[in-house]
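Participant: Just target-v2.cif, nothing more (mmCIF, C-alpha atoms):
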```cif
data_start
#
loop_
_atom_site.label_atom_id
_atom_site.label_comp_id
_atom_site.auth_asym_id
_atom_site.auth_seq_id
_atom_site.Cartn_x
_atom_site.Cartn_y
_atom_site.Cartn_z
CA MET U 213 -55.11 35.83 -65.53
CA LEU U 214 -54.44 37.42 -62.22
CA SER U 215 -54.89 34.14 -60.45
CA GLU U 216 -52.39 32.52 -62.75
CA LEU U 217 -49.89 35.25 -62.04
CA VAL U 218 -50.34 34.90 -58.29
CA GLY U 219 -49.90 31.14 -58.58
CA ALA U 220 -46.71 31.60 -60.54
CA LEU U 221 -45.33 33.99 -57.98
CA VAL U 222 -46.20 31.63 -55.18
CA GLY U 223 -44.53 28.77 -56.97
CA LEU U 224 -41.47 30.87 -57.68
CA GLY U 225 -41.28 31.90 -54.06
CA ALA U 226 -41.53 28.29 -52.96
CA VAL U 227 -38.76 27.32 -55.34
CA GLY U 228 -36.64 30.18 -54.10
CA LEU U 229 -37.32 29.19 -50.53
CA VAL U 230 -36.25 25.64 -51.24
CA TYR U 231 -33.15 26.86 -53.06
CA VAL U 232 -32.18 29.19 -50.23
CA SER U 233 -32.74 26.47 -47.67
CA ALA U 234 -30.55 24.14 -49.70
CA ALA U 235 -27.85 26.71 -50.37
CA ALA U 236 -27.66 28.47 -47.03
CA ARG U 237 -25.09 27.33 -44.50
CA VAL U 238 -24.02 28.60 -41.07
CA VAL U 239 -20.41 28.27 -39.94
CA LYS U 240 -19.80 28.55 -36.19
CA GLN U 241 -17.15 30.71 -34.63
CA TYR U 242 -14.79 27.83 -33.79
CA GLU U 243 -15.18 26.26 -37.25
CA ARG U 244 -14.02 26.91 -40.77
CA GLY U 245 -15.82 25.83 -43.97
CA ILE U 246 -14.13 24.07 -46.88
CA VAL U 247 -16.14 24.17 -50.12
CA PHE U 248 -15.68 21.51 -52.83
CA ARG U 249 -17.24 22.16 -56.23
CA PHE U 250 -17.41 19.05 -58.31
CA GLY U 251 -14.70 17.57 -56.04
CA ARG U 252 -12.30 20.47 -56.34
CA LEU U 253 -11.35 22.88 -53.60
CA LEU U 254 -13.08 26.18 -54.12
CA GLY U 255 -11.24 29.17 -52.81
CA PRO U 256 -10.09 29.74 -49.25
CA ALA U 257 -11.89 28.47 -46.19
CA ARG U 258 -15.24 30.12 -45.44
CA PRO U 259 -15.15 32.31 -42.31
CA PRO U 260 -17.62 31.94 -39.46
CA GLY U 261 -21.16 33.16 -40.07
CA PHE U 262 -23.78 32.80 -42.82
CA THR U 263 -22.59 31.51 -46.20
CA VAL U 264 -24.24 30.24 -49.34
CA ILE U 265 -23.24 27.43 -51.67
CA VAL U 266 -24.65 26.16 -54.91
CA PRO U 267 -27.01 23.31 -54.11
CA PHE U 268 -26.23 19.97 -55.71
CA VAL U 269 -22.94 21.44 -56.99
CA ASP U 270 -20.98 22.53 -53.97
CA ARG U 271 -20.31 20.55 -50.81
CA LEU U 272 -19.36 22.33 -47.59
CA GLN U 273 -17.17 20.51 -45.01
CA LYS U 274 -16.71 22.08 -41.61
CA VAL U 275 -13.40 21.73 -39.72
CA ASN U 276 -13.15 22.24 -35.96
CA MET U 277 -10.43 24.70 -35.00
CA GLN U 278 -10.58 24.09 -31.25
CA ILE U 279 -7.78 22.47 -29.22
CA VAL U 280 -8.42 18.74 -29.14
CA THR U 281 -7.49 16.60 -26.12
CA LEU U 282 -6.41 13.18 -27.35
CA PRO U 283 -5.50 10.52 -24.76
CA ILE U 284 -2.76 8.11 -25.80
CA PRO U 285 -3.39 4.49 -24.76
CA ALA U 286 -0.92 3.00 -22.28
CA GLN U 287 2.15 1.72 -24.07
CA GLU U 288 4.32 -1.03 -22.60
CA GLY U 289 8.01 -0.93 -23.34
CA ILE U 290 11.51 -1.61 -22.03
CA THR U 291 13.65 1.30 -20.97
CA ARG U 292 17.32 1.71 -21.79
CA ASP U 293 18.27 0.21 -18.40
CA ASN U 294 16.11 -2.89 -19.08
CA VAL U 295 13.06 -2.11 -16.94
CA THR U 296 9.58 -2.97 -18.21
CA VAL U 297 7.16 -0.05 -17.80
CA ARG U 298 3.73 1.04 -18.97
CA VAL U 299 3.40 4.71 -19.90
CA ASP U 300 0.31 6.62 -20.94
CA ALA U 301 0.15 10.23 -22.09
CA VAL U 302 -2.16 12.90 -23.46
CA VAL U 303 -1.74 15.11 -26.54
CA TYR U 304 -3.19 18.59 -27.02
CA PHE U 305 -3.35 19.73 -30.65
CA LYS U 306 -5.38 21.99 -32.97
CA VAL U 307 -5.91 22.51 -36.69
CA ILE U 308 -4.21 25.58 -38.13
CA ASP U 309 -4.79 24.86 -41.84
CA PRO U 310 -8.25 23.40 -42.49
CA ALA U 311 -7.57 22.72 -46.18
CA ASN U 312 -4.48 20.58 -45.48
CA ALA U 313 -6.20 18.86 -42.55
CA VAL U 314 -8.93 17.70 -44.93
CA ILE U 315 -6.90 17.12 -48.10
CA GLN U 316 -3.43 15.94 -46.94
CA VAL U 317 -4.59 13.27 -44.47
CA GLU U 318 -7.65 11.07 -44.43
CA ASP U 319 -8.37 11.37 -40.68
CA TYR U 320 -6.06 13.72 -38.88
CA ARG U 321 -7.30 12.61 -35.41
CA PHE U 322 -6.42 8.98 -36.07
CA ALA U 323 -3.11 9.99 -37.67
CA VAL U 324 -2.10 12.09 -34.66
CA SER U 325 -3.09 9.26 -32.29
CA GLN U 326 -0.97 6.66 -34.08
CA MET U 327 1.98 9.02 -34.36
CA ALA U 328 1.76 9.78 -30.63
CA GLN U 329 1.76 6.07 -29.71
CA THR U 330 4.78 5.38 -31.92
CA SER U 331 6.70 8.36 -30.55
CA LEU U 332 5.87 7.35 -26.98
CA ARG U 333 7.28 3.87 -27.52
CA SER U 334 10.42 5.39 -29.02
CA ILE U 335 10.84 7.72 -26.06
CA ILE U 336 10.47 4.81 -23.62
CA GLY U 337 13.23 2.83 -25.35
CA LYS U 338 15.63 5.79 -25.40
CA SER U 339 15.15 6.87 -21.78
CA ASP U 340 16.18 5.52 -18.40
CA LEU U 341 13.77 4.76 -15.62
CA ASP U 342 15.00 7.69 -13.56
CA ASP U 343 14.32 10.03 -16.47
CA LEU U 344 10.76 8.74 -16.82
CA LEU U 345 10.14 9.31 -13.12
CA SER U 346 11.95 12.56 -12.42
CA ASN U 347 12.82 14.29 -15.72
CA ARG U 348 9.42 14.27 -17.39
CA GLU U 349 9.62 17.86 -18.62
CA LYS U 350 12.47 17.02 -20.96
CA LEU U 351 10.73 13.89 -22.18
CA ASN U 352 7.55 15.85 -22.85
CA GLN U 353 9.45 18.31 -25.01
CA GLY U 354 11.14 15.52 -26.94
CA LEU U 355 7.84 13.73 -27.47
CA GLU U 356 6.21 16.95 -28.66
CA LEU U 357 8.93 17.50 -31.26
CA MET U 358 8.63 13.93 -32.52
CA ILE U 359 4.88 14.26 -33.04
CA ASP U 360 4.91 17.82 -34.35
CA SER U 361 7.38 17.17 -37.18
CA PRO U 362 5.03 15.13 -39.42
CA ALA U 363 1.88 16.87 -38.15
CA VAL U 364 2.93 20.22 -39.61
CA GLY U 365 2.29 18.93 -43.14
CA TRP U 366 -1.18 17.84 -42.07
CA GLY U 367 -2.18 21.35 -41.05
CA VAL U 368 -2.12 20.30 -37.37
CA GLN U 369 -0.12 21.97 -34.63
CA ILE U 370 0.82 20.05 -31.46
CA ASP U 371 0.17 22.33 -28.54
CA ARG U 372 1.69 20.16 -25.78
CA VAL U 373 2.26 16.56 -24.73
CA GLU U 374 2.12 15.33 -21.14
CA ILE U 375 3.09 11.93 -19.72
CA LYS U 376 0.32 11.06 -17.28
CA ASP U 377 1.44 7.93 -15.50
CA VAL U 378 4.31 5.43 -15.40
CA SER U 379 3.34 1.98 -14.15
CA LEU U 380 6.12 -0.19 -12.70
CA PRO U 381 6.16 -3.89 -11.77
CA ASP U 382 5.54 -4.73 -8.11
CA THR U 383 9.07 -6.09 -7.65
CA MET U 384 10.54 -2.84 -8.94
CA LYS U 385 8.29 -0.84 -6.62
CA ARG U 386 9.50 -2.84 -3.62
CA SER U 387 13.13 -2.40 -4.68
CA MET U 388 12.68 1.34 -5.06
CA ALA U 389 10.96 1.50 -1.67
CA ARG U 390 13.89 -0.31 -0.04
CA GLN U 391 16.32 2.03 -1.78
CA ALA U 392 14.41 5.06 -0.54
CA GLU U 393 14.31 3.66 3.01
CA ALA U 394 18.06 2.98 2.93
CA ASP U 395 18.75 6.49 1.68
CA ARG U 396 16.57 7.99 4.41
CA GLU U 397 18.30 5.86 7.03
CA ARG U 398 21.72 6.92 5.73
CA ARG U 399 20.73 10.59 5.96
CA ALA U 400 19.36 10.05 9.46
CA ARG U 401 22.62 8.41 10.58
CA VAL U 402 24.69 11.20 9.07
CA ILE U 403 22.57 13.83 10.82
CA ASN U 404 22.79 11.90 14.10
CA ALA U 405 26.59 11.58 13.79
CA ASP U 406 26.87 15.29 13.05
CA ALA U 407 24.78 16.05 16.13
CA GLU U 408 26.99 13.76 18.24
CA LEU U 409 30.09 15.53 16.95
CA GLN U 410 28.70 18.95 17.81
CA ALA U 411 27.55 17.71 21.21
CA SER U 412 30.98 16.21 21.93
CA LYS U 413 32.64 19.53 21.13
CA LYS U 414 30.28 21.38 23.45
CA LEU U 415 30.80 18.78 26.18
CA ALA U 416 34.57 19.10 25.80
CA GLU U 417 34.26 22.86 26.24
CA ALA U 418 32.05 22.34 29.29
CA ALA U 419 34.55 19.86 30.73
CA GLY U 420 37.33 22.41 30.28
CA VAL U 421 35.32 25.01 32.17
CA MET U 422 34.44 22.55 34.95
CA SER U 423 38.07 21.49 35.31
CA GLN U 424 38.98 25.05 36.22
CA GLN U 425 36.21 25.18 38.84
CA PRO U 426 35.81 21.82 40.67
CA ALA U 427 32.68 23.07 42.41
CA ALA U 428 30.94 23.27 39.03
CA LEU U 429 31.07 19.49 38.69
CA GLN U 430 29.44 19.03 42.08
CA LEU U 431 26.73 21.52 41.17
CA ARG U 432 26.15 19.66 37.94
CA LEU U 433 25.75 16.38 39.83
CA LEU U 434 23.26 17.98 42.20
CA GLN U 435 21.32 19.36 39.23
CA THR U 436 21.17 15.87 37.74
CA VAL U 437 19.86 14.48 41.01
CA VAL U 438 17.18 17.17 41.09
CA ALA U 439 16.16 16.37 37.49
CA VAL U 440 15.84 12.67 38.25
CA ALA U 441 14.02 13.27 41.54
CA ALA U 442 11.41 15.40 39.75
CA GLU U 443 9.91 12.24 38.28
CA LYS U 444 7.62 10.25 40.56
CA ASN U 445 9.50 6.99 40.57
CA SER U 446 11.39 4.73 42.95
CA THR U 447 14.80 5.27 41.36
CA LEU U 448 17.58 6.44 43.66
CA VAL U 449 20.52 8.16 42.04
CA LEU U 450 23.82 8.22 43.94
CA PRO U 451 26.63 10.13 42.22
CA PHE U 452 29.85 8.15 42.30
CA PRO U 453 33.06 10.13 41.84
CA VAL U 454 35.14 9.04 38.90
CA GLU U 455 38.36 9.89 40.73
CA LEU U 456 37.67 7.06 43.20
CA LEU U 457 37.41 4.56 40.35
CA ARG U 458 40.70 5.76 38.95
CA PHE U 459 42.34 5.44 42.39
CA LEU U 460 41.09 1.86 42.76
CA GLU U 461 42.29 1.04 39.26
CA ARG U 462 45.78 2.39 39.98
CA ALA U 463 45.89 0.51 43.32
CA GLN U 464 44.86 -2.76 41.70
CA GLY U 465 47.46 -2.30 38.97
CA ALA U 466 50.23 -1.65 41.53
CA THR U 467 49.25 -4.77 43.57
CA GLY U 468 49.29 -6.95 40.50
CA GLN U 469 52.74 -5.70 39.50
CA ASP U 470 54.18 -6.37 43.00
CA GLY U 471 52.83 -9.92 43.01
CA ALA U 472 54.28 -10.56 39.57
CA HIS U 473 57.73 -9.28 40.65
CA SER U 474 57.67 -11.48 43.81
CA ALA U 475 56.82 -14.58 41.80
CA LEU U 476 59.55 -13.77 39.30
CA ASP U 477 62.20 -13.30 42.08
CA ALA U 478 61.19 -16.57 43.74
CA SER U 479 61.49 -18.48 40.49
CA GLU U 480 64.96 -17.03 39.84
CA GLN U 481 66.45 -18.16 43.24
CA PRO U 482 68.68 -21.30 42.93
CA VAL U 483 67.59 -24.45 44.73
CA SER U 484 70.36 -26.37 46.53
CA ASP U 485 70.42 -30.12 46.01
CA THR U 486 72.00 -31.93 48.94
CA SER U 487 71.28 -35.40 47.68
CA GLU U 488 74.23 -35.30 45.31
CA GLN U 489 76.66 -33.73 47.79
CA PRO U 490 77.01 -35.63 51.11
CA ALA U 491 76.65 -33.51 54.19
CA GLU U 492 79.85 -32.74 55.97
CA SER U 493 79.82 -34.07 59.50
CA PRO U 494 82.29 -33.34 62.22
CA SER U 495 84.76 -36.02 63.12
CA ALA U 496 83.26 -38.66 65.42
CA PRO U 497 85.07 -39.66 68.60
CA ALA U 498 87.39 -42.59 68.51
CA ASP U 499 85.42 -44.60 71.07
CA GLY U 500 82.33 -44.67 68.84
CA THR U 501 80.04 -42.71 71.13
CA VAL U 502 77.51 -40.23 69.75
CA PRO U 503 78.30 -36.62 70.53
CA GLN U 504 75.80 -34.83 72.72
CA LEU U 505 73.69 -32.06 71.24
CA SER U 506 73.28 -28.73 72.92
CA GLU U 507 69.99 -27.89 74.57
CA ALA U 508 69.22 -25.21 71.97
CA ALA U 509 69.75 -27.69 69.14
CA ALA U 510 67.65 -30.33 70.89
CA GLU U 511 64.73 -27.94 71.48
CA GLU U 512 64.68 -26.48 67.93
CA PRO U 513 62.81 -28.89 65.58
CA THR U 514 63.86 -27.07 62.41
CA ALA U 515 67.61 -27.12 63.16
CA ALA U 516 70.19 -28.37 60.67
CA PRO U 517 70.27 -32.16 60.12
CA VAL U 518 72.56 -34.31 62.22
CA HIS U 519 75.86 -35.31 60.73
CA GLY U 520 76.02 -38.61 59.02
CA LEU U 521 72.49 -38.28 57.49
CA ALA U 522 71.66 -37.88 53.80
CA GLN U 523 68.51 -36.98 51.83
CA VAL U 524 66.56 -39.92 50.49
CA PRO U 525 63.12 -39.70 48.87
CA LEU U 526 60.21 -40.82 50.94
CA GLY U 527 57.85 -43.45 49.64
CA GLU U 528 54.22 -42.93 48.64
CA GLY U 529 51.85 -42.19 51.50
CA ALA U 530 54.50 -40.64 53.74
CA SER U 531 53.67 -37.34 55.37
CA THR U 532 54.97 -35.00 57.98
CA PRO U 533 53.28 -34.34 61.31
CA SER U 534 51.70 -31.22 59.73
CA GLY U 535 50.02 -33.37 57.06
CA GLU U 536 52.13 -32.14 54.13
CA ALA U 537 54.17 -34.59 52.12
CA PRO U 538 57.78 -33.33 52.20
CA PRO U 539 59.78 -33.71 49.03
CA GLU U 540 62.57 -35.53 50.81
CA LEU U 541 63.63 -36.70 54.33
CA TRP U 542 66.88 -37.38 56.11
CA ALA U 543 67.85 -41.02 56.46
CA GLU U 544 71.03 -42.87 57.32
CA PRO U 545 73.22 -43.60 54.31
CA PRO U 546 74.84 -47.00 54.12
CA THR U 547 78.62 -47.04 54.68
CA GLU U 548 81.28 -49.63 55.36
CA ASP U 549 84.16 -47.54 56.72
CA VAL U 550 82.33 -45.64 59.47
CA PRO U 551 80.64 -47.69 62.17
CA PRO U 552 76.91 -47.20 62.15
CA ALA U 553 75.52 -44.67 64.61
CA PRO U 554 72.25 -45.14 66.41
CA ALA U 555 69.30 -43.76 64.36
CA PRO U 556 67.82 -40.55 65.62
CA ALA U 557 64.48 -40.63 67.33
CA SER U 558 62.74 -38.63 64.55
CA ALA U 559 63.62 -37.34 61.09
CA THR U 560 63.98 -33.67 60.55
CA ARG U 561 62.81 -31.80 57.46
CA ASP U 562 65.18 -29.86 55.30
CA GLU U 563 64.13 -26.30 55.15
#
```
Show this structure as structure tokens.
Facilitator:
Amino acid sequence: MLSELVGALVGLGAVGLVYVSAAARVVKQYERGIVFRFGRLLGPARPPGFTVIVPFVDRLQKVNMQIVTLPIPAQEGITRDNVTVRVDAVVYFKVIDPANAVIQVEDYRFAVSQMAQTSLRSIIGKSDLDDLLSNREKLNQGLELMIDSPAVGWGVQIDRVEIKDVSLPDTMKRSMARQAEADRERRARVINADAELQASKKLAEAAGVMSQQPAALQLRLLQTVVAVAAEKNSTLVLPFPVELLRFLERAQGATGQDGAHSALDASEQPVSDTSEQPAESPSAPADGTVPQLSEAAAEEPTAAPVHGLAQVPLGEGASTPSGEAPPELWAEPPTEDVPPAPAPASATRDE
């Protein structure tokens, strides 16, 4: 009898041990337990720690309450300014209502991932390229609002959304690099021009001071020579006064103006034409003899032409004793009334 009682107690203890092992559950600190009895939700979520359910009747489902990091696959889209880009992001979310996360949506992780991809494509189409590159904080906030709106009903809270990378085509990268180089060059030129302006103002002030003291300019030239001579080279620096250049320039300008005035006066003088008007000759003697010339007139080769001679053009190849072809020579004009006079020994040139 006693042995039967001990056997019954041992069997009862074994059954109780099996029941406890089947009914006992442990919920971790970062989890919450959802109990379904015959498929229906039983009460609120079980807190962390040891809990017991009815074996074969209740089913406990644990829900993770930690923040989940969900990477969004790279999405390719066209921005508002017609630039093709690839953008990938990451979503941080957590479950705030375990019952809704299990009941309202089949798989809240997959649902959040698909919603994030759709919202990212929408953000790409509504934004410019400059906004994607420089104004990411605003885009992150907009993307977070777009994902968080439907996720609230799923018992999920979006903690934050971050755009990780924006991939651009190679042609666009080269264009942006050229734009950045041009902008840098423009800024460098502006800074250089500003420096030149400031330097010119300082140099003008220095020139004004040196103009009051001429010795300052000489001292400055000597200082320049000393600075150049400090280097070990074969360069010889000779200061050349600027005033001498100005003097030579004024002298050259005055000489050119005098020559121009002389040429203009010479061109304005009238040229006498004696070929049309016969030279007046003194009356010849009645006996037909040639009048005698004075010794001064005979010795002077450039004296006035003898009476009775007229200008006639000289043929080709004719030249004077000096080698220059005169424009015209004196020759005897034909006449019938006056008896011909003996031809002179040589023709004289009209001055």
Participant: Starting from the point (-16.0, 24.2, -53.9), work out which residues of protein, DNA or RNA have an atom no more than 10 Å away when counting all atoms listed in the file; state them as a list of chain:residue names.
Facilitator: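 Answer for this query, in the requested form: U:Ile246, U:Val247, U:Phe248, U:Arg249, U:Phe250, U:Gly251, U:Arg252, U:Leu253, U:Leu254, U:Gly255, U:Pro256, U:Ala257, U:Ile265, U:Val266, U:Val269, U:Asp270, U:Arg271, U:Leu272, U:Gln273.
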Participant: Find, counting only C-alpha atoms, the residue in U:Val303, U:Val454, U:Val264, U:Leu332 that gets nearest to Leu433 in chain U.
Facilitator: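 Of U:Val303, U:Val454, U:Val264, U:Leu332, the one nearest Leu433 in chain U, counting only C-alpha atoms, is U:Val454.
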Participant: Hey, which of U:Ile359, U:Leu214, U:Asp309, U:Val227 ends up closest to Glu243 in chain U? Count only C-alpha atoms.
Facilitator: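 Checking each candidate against Glu243 in chain U, we get U:Asp309 as the closest.
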Participant: Pick the closest to Pro285 in chain U from U:Leu229, U:Ile375, U:Leu460, U:Ile315: which is it, counting only C-alpha atoms?
Facilitator: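 Among the listed residues, the smallest separation from Pro285 in chain U belongs to U:Ile375.
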Participant: Here's the selection I'm unsure about, the PyMOL selection byres ((chain U and resi 335-342) around 10); applied to the file above, which residues does it give, as a count of residues only?
Facilitator: 32
Participant: Interatomic distance between CA of Gln464 in chain U and CA of Pro426 in chain U?
Facilitator: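 Going from CA of Gln464 in chain U over to CA of Pro426 in chain U, I get 26.2 Å.
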Participant: Counting all atoms listed in the file, which of U:Met327, U:Asp377, U:Gly225, U:Glu349 gets nearest to Ser361 in chain U?
Facilitator: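 Checking each candidate against Ser361 in chain U, we get U:Met327 as the closest.
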Participant: Skip Ala236 in chain U itself and residues of its chain fewer than 3 positions away, then list as a PDB file with C-alpha atoms, keeping the file's coordinate frame all residues within 6 Å of it, counting all atoms listed in the file.
Facilitator:
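After the write, out.pdb holds the following:
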```
ATOM      1  CA  VAL U 232     -32.180  29.190 -50.230  1.00  0.00           C
ATOM      2  CA  SER U 233     -32.740  26.470 -47.670  1.00  0.00           C
ATOM      3  CA  THR U 263     -22.590  31.510 -46.200  1.00  0.00           C
ATOM      4  CA  VAL U 264     -24.240  30.240 -49.340  1.00  0.00           C
TER       5      VAL U 264
END
```
Participant: How far is it from CA of Glu455 in chain U to CA of Ala419 in chain U, in Å with one decimal?
Facilitator: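 One can read the CA of Glu455 in chain U to CA of Ala419 in chain U distance as 14.6 Å.
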Participant: Would you kindly translate the PyMOL selection byres ((chain U and resi 312) around 12) into the concrete residues it picks from this file, as JSON, numbers by chain?
Facilitator: {"U": [246, 253, 256, 257, 275, 307, 308, 309, 310, 311, 313, 314, 315, 316, 317, 318, 319, 320, 363, 364, 365, 366, 367, 368, 369]}
Participant: Rounded to one decimal, what separation in Å do you get between CA of Gln424 in chain U and CA of Gly465 in chain U?
Facilitator: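 Distance reported for this atom pair: 28.8 Å.
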Participant: Which neighbours of Val280 in chain U fall inside 8 Å, counting only C-alpha atoms, when residues of the same chain fewer than 2 positions from it are skipped, and could you give them as a list in words?
Facilitator: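 What passes the distance filter is Gln278, Leu282, Tyr304, Phe305 and Lys306 of chain U.
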Participant: Which of these residues is nearest to Ser379 in chain U, using only C-alpha atoms: U:Gly245, U:Leu224, U:Pro283, U:Ala301?
Facilitator: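 Between U:Gly245, U:Leu224, U:Pro283, U:Ala301, the residue approaching Ser379 in chain U most closely is U:Ala301.
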